[in-house]
Structures are given as C-alpha cells and as structure tokens.
Amino acid sequence: MTSIATLGSHCALQVLKGAKDEGFKTILVCEKKREKLYRRFKFIDKLILVDTFSELSECSSQLKDDDAIIIPHGTLISQMNSSQIESIKIPVFGNKWILRWESDRKMKEKLMVESNLNVPKTIHNPKDIGTLVIAKRHGAAGGKGYFLATSEKDYNKKRDKLIAQGIIKGDNDLYLQEYAFGVSAYLQYFYSPLTEELEFFGVDRRYESDIDGLGRIPALQQMDIDLIPSFNVIGNSPMVLRESLLDEVYSMGERFVDTAKRLVAPGMNGPFCLEGVYDDNGKFTTFEFSARIVAGTNLYVDGSPYSTFLYDEPMSMGRRIAREIKKAKK
Ligand code: ATP
C-alpha cells in the first residue's frame with residue numbers, strides 16, 4: 001500500500017490529514033523533541049524518529065518498505081542542500097530538481113524573469129545601493145536575518161552587526177534586491193500534469209517579526225530603538241483578492257508553469273507559490289517563488305474561498321496532493 005510521508009514541521013499536519021482523507025497510510029519523519037506533539041494526531045499512522053532531519057537518507061529503507069512518497073516542504077529545503085535532496089532515493093512529489101532553482105537566488109531570478117514576471121531589480125554590488133533595498137540570505141531562510149538598507153554605509157553597518165551576532169558570515173551570504181512597495185500577497189497554485197490544468201488555490205499574507213510589529217509603535221519610539229528588524233515569518237492570515245485581479249493571477253501562474261517545463265523538466269508539477277506585492281495600479285511584482293507547498297496553505301485545511309469554486313468538497317492543498325497521487329496511480 002502506498003504511503004505518504006513528510007518531515008514533522010511546516011505543514012506536516014495538513015499534508016498527512018489530507019493524505020489520510022484520501023485513504024493513504026501516513027508517515028511522519030519526526031525529530032525526537034517533537035514526538036509528543038505529533039503523537040496527539042491520530043491521522044498519523046507511523047512516526048520514524050530521528051535526532052535531526054539530516055538523517056532522512058538513513059530512513060530510506062524503512063520508507064521504501066512502506067512504498068512511501070515524500071512531500072517536500074520548506075523544512076526539507078532549509079535542512080538539506082540541493083544535492084542531498086536530489087539524491088533522495090524515495091520518490092519525491094512534484095519536481096525535486098526545481099528545488100535547486102528555488103534555493104539558488106540567481107537561478108530563481110532566471111526562472112522568474114523568463115516567465116515574464118515583473119521582478120525587482122537585483123543589486124550586484126553594495127556600492128550600487130541608491131534606493132531602498134532588502135538584503136536576503138540564500139535558500140529558504142524564512143526571512144531571518146534579512147534587513148533593509150538605503151546606502152552602502154547603512155548596509156555595511158547592518159551586515160557587520162549580523163556577522164557579530166553569528167547570523168551571517170559575510171557579503172556572500174546576502175543577496176540584494178530593490179524593495180517593492182505595496183500590499184503583499186502570496187499566491188498559492190496547484191498544477192496537475194495529469195490534466196494539464198492550473199488551479200488557483202488561495203492567497204495569504206504573512207506576519208513577519210520584527211517588521212510587522214514595528215508598525216504598532218509610533219515613529220518617535222521607532223527611531224529610539226536600535227534594532228535591525230528582520231522578516232522572520234511567524235504566521236499567516238487569509239486574504240481574498242479583488243476579482244478583477246484573478247485573470248492576471250492565472251496568467252502569471254501559467255507563464256511560470258510553461259517556463260518551468262522548458263527550463264527544468266518535468267516542470268512545475270504540484271503546488272507552488274508566487275510571492276510579491278500589488279502596487280497602487282494592481283500590478284504585481286514577484287520577489288520570490290516557492291516550488292512546493294507553502295505554509296500559507298495551512299489556513300485552508302477546510303478549503304479556501306477559491307478551492308470552493310473548483311471542488312464540491314473541502315479541499316486543502318495537502319488533500320489535493322494526495323488526490324493527484326491517487327489519480328496518477330490509477
Ligand atoms: P520563504 O522561503 O519562506 O518564502 P525566503 O527566505 O525565501 O522565505 P523571501 O520570501 O524572499 O524569503 O523574503 C522574506 C520576506 O521579506 C517576504 O515575505 C517579504 O516580506 C520581504 N521581501 C522579500 N523581498 C522583498 C522585496 N523585494 N520587496 C519587499 N519585500 C520583500
């Protein structure tokens with residue numbers, strides 16, 4: 001019997017609940033420190049306990065015995081490098097090769113630009129900072145250690161502080177991008193290679209610490225605080241878009257799917273997310289993509305305002321993944 005497995009973090013509950021609802025056996029690769037938490041959930045059939053997720057490859061034979069398919073999520077990407085992910089011996093849902101394109105900022109930019117998405121300008125040298133920029137770490141760092149800068153001097157000061165705090169090692173850890181102003185939105189999609197259809201599943205916003213907390217403090221007090229605000233994701237909140245924006249949401253997703261097919265076979269199969277901001281003209285700037293399920297889909301375990309238009313039953317992204325596997329098996 002095929003089982004569905006994932007790492008115990010990020011969106012594991014949603015993924016395994018969805019898998020159970022679709023009739024699969026469910027397996028969680030779980031760090032010992034989180035065992036108590038995950039034992040609370042009866043839809044998890046089996047826990048494989050590890051000290052750290054880097055032991056995933058050592059669990060291969062157990063997972064093979066269970067005919068497991070791994071659902072990758074943000075924790076897999078932050079805990080394992082691209083080569084380690086590519087050498088996983090168990091089937092990985094989606095396209096494990098595209099995860100390298102997500103982790104490498106240059107490849108990521110290429111995929112977005114070739115998809116004809118509106119992308120913020122990359123600043124290749126801190127000397128060229130002439131406007132508000134955001135310094136981001138490579139990989140899926142979840143916004144931790146990211147900071148804003150308006151000049152080279154400002155950048156150097158903040159970079160040195162983060163080096164002193166042990167958060168980054170140096171310039172090579174950072175990628176500079178123009179800051180895009182507007183209303184942030186994280187667009188969640190699912191592409192089925194079986195039907196060749198793109199489904200828009202939902203949209204969320206992120207609450208990021210410290211940047212979102214700062215807005216609660218008056219400007220005078222903000223100026224008194226010696227803080228480099230980071231963009232560390234703490235949680236997500238739901239959002240719906242003006243209906244007039246939906247057509248372009250689909251077009252952007254379709255362009256991304258088409259480009260992924262061309263650049264990184266077999267393409268952008270399964271869940272993905274385009275992340276960015278809408279400006280005052282309703283134009284979307286994409287500063288980032290995730291080529292796998294995002295944690296923002298955890299909001300919609302009972303379906304979203306958009307999945308309701310596509311399915312007559314509650315359809316979470318986790319369940320949608322399991323449904324695809326079921327259909328593919330047939
Ligand atoms: P994840 O993998 O969780 O998506 P990440 O480490 O790849 O995170 P980004 O999503 O690129 O990081 O950035 C983290 C946050 O920083 C974003 O959610 C957003 O708030 C902010 N951000 C990133 N790039 C820009 C930009 N160019 N303009 C404005 N805000 C930005």
# chains A, B, ... in the order shown; residues from 1 in each chain; ligands from 1

call {"tool": "closest_atom_pairs", "arguments": {"of": "chain A", "to": "ligand 1", "cutoff": "9 Å", "atoms": "only C-alpha atoms and all ligand atoms", "output": "Markdown table"}}
result
| residue | atom | partner | partner_atom_place_in_ligand_line | distance |
| --- | --- | --- | --- | --- |
| A:Gly74 | CA | ligand 1 | 2 (O) | 6.5 |
| A:Ile77 | CA | ligand 1 | 2 (O) | 8.6 |
| A:Ser78 | CA | ligand 1 | 2 (O) | 8.4 |
| A:Glu102 | CA | ligand 1 | 7 (O) | 8.0 |
| A:Ser103 | CA | ligand 1 | 7 (O) | 7.8 |
| A:Arg105 | CA | ligand 1 | 7 (O) | 8.9 |
| A:Val119 | CA | ligand 1 | 27 (N) | 8.0 |
| A:Pro120 | CA | ligand 1 | 27 (N) | 5.6 |
| A:Lys121 | CA | ligand 1 | 27 (N) | 8.1 |
| A:Thr122 | CA | ligand 1 | 27 (N) | 8.8 |
| A:Val133 | CA | ligand 1 | 27 (N) | 7.3 |
| A:Ile134 | CA | ligand 1 | 25 (C) | 6.1 |
| A:Ala135 | CA | ligand 1 | 24 (N) | 8.1 |
| A:Lys136 | CA | ligand 1 | 11 (O) | 6.7 |
| A:Arg137 | CA | ligand 1 | 6 (O) | 6.6 |
| A:His138 | CA | ligand 1 | 6 (O) | 7.1 |
| A:Gly139 | CA | ligand 1 | 7 (O) | 6.0 |
| A:Ala140 | CA | ligand 1 | 2 (O) | 3.8 |
| A:Ala141 | CA | ligand 1 | 6 (O) | 3.8 |
| A:Gly142 | CA | ligand 1 | 6 (O) | 3.7 |
| A:Gly143 | CA | ligand 1 | 14 (C) | 4.1 |
| A:Lys144 | CA | ligand 1 | 6 (O) | 7.2 |
| A:Tyr146 | CA | ligand 1 | 16 (O) | 7.0 |
| A:Phe147 | CA | ligand 1 | 16 (O) | 8.4 |
| A:Leu176 | CA | ligand 1 | 27 (N) | 8.4 |
| A:Gln177 | CA | ligand 1 | 27 (N) | 5.3 |
| A:Glu178 | CA | ligand 1 | 27 (N) | 5.3 |
| A:Tyr179 | CA | ligand 1 | 28 (N) | 3.6 |
| A:Ala180 | CA | ligand 1 | 28 (N) | 3.7 |
| A:Phe181 | CA | ligand 1 | 29 (C) | 6.1 |
| A:Gly182 | CA | ligand 1 | 29 (C) | 8.1 |
| A:Ser184 | CA | ligand 1 | 20 (O) | 7.1 |
| A:Ala185 | CA | ligand 1 | 18 (O) | 8.9 |
| A:Tyr186 | CA | ligand 1 | 18 (O) | 8.4 |
| A:Arg205 | CA | ligand 1 | 18 (O) | 8.4 |
| A:Arg206 | CA | ligand 1 | 18 (O) | 6.5 |
| A:Tyr207 | CA | ligand 1 | 20 (O) | 8.2 |
| A:Glu208 | CA | ligand 1 | 20 (O) | 6.8 |
| A:Ile211 | CA | ligand 1 | 20 (O) | 8.2 |
| A:Asp212 | CA | ligand 1 | 20 (O) | 8.9 |
| A:Ser230 | CA | ligand 1 | 16 (O) | 8.2 |
| A:Phe231 | CA | ligand 1 | 15 (C) | 5.2 |
| A:Asn232 | CA | ligand 1 | 14 (C) | 7.2 |
| A:Val233 | CA | ligand 1 | 3 (O) | 7.0 |
| A:Cys273 | CA | ligand 1 | 4 (O) | 8.7 |
| A:Glu275 | CA | ligand 1 | 10 (O) | 6.7 |
| A:Gly276 | CA | ligand 1 | 25 (C) | 7.2 |
| A:Val277 | CA | ligand 1 | 29 (C) | 7.3 |
| A:Thr285 | CA | ligand 1 | 27 (N) | 8.3 |
| A:Thr286 | CA | ligand 1 | 27 (N) | 7.8 |
| A:Phe287 | CA | ligand 1 | 27 (N) | 4.9 |
| A:Glu288 | CA | ligand 1 | 11 (O) | 5.0 |
| A:Phe289 | CA | ligand 1 | 4 (O) | 6.8 |
| A:Ser290 | CA | ligand 1 | 4 (O) | 6.2 |
| A:Val294 | CA | ligand 1 | 3 (O) | 7.8 |
| A:Ala295 | CA | ligand 1 | 3 (O) | 8.3 |

call {"tool": "select_by_dssp", "arguments": {"residues": "range 7-251 of chain A", "states": "strand (DSSP E or B)", "output": "PyMOL selection string"}}
result
chain A and resi 7+25-31+46-50+68-70+92+122-123+133-137+147-149+174-178+183-192+197-210+231-239

call {"tool": "residues_around", "arguments": {"residues": "Val50 in chain A", "least_positions_apart": "2", "cutoff": "6 Å", "atoms": "only C-alpha atoms", "output": "list of chain:residue names"}}
result
A:Glu31, A:Lys32, A:Thr52

call {"tool": "closest_residue", "arguments": {"among": "A:Val203, A:Met80, A:Leu220, A:Ile321", "to": "Leu99 in chain A", "atoms": "only C-alpha atoms"}}
result
A:Met80

call {"tool": "select_by_dssp", "arguments": {"residues": "range 48-115 of chain A", "states": "helix (DSSP H, G or I)", "output": "MDAnalysis selection string"}}
result
chainID A and resid 53:65 74:79 82:86 98:103 105:114

call {"tool": "atom_distance", "arguments": {"atom1": "CA of Lys327 in chain A", "atom2": "CA of Glu22 in chain A"}}
result
10.6 Å
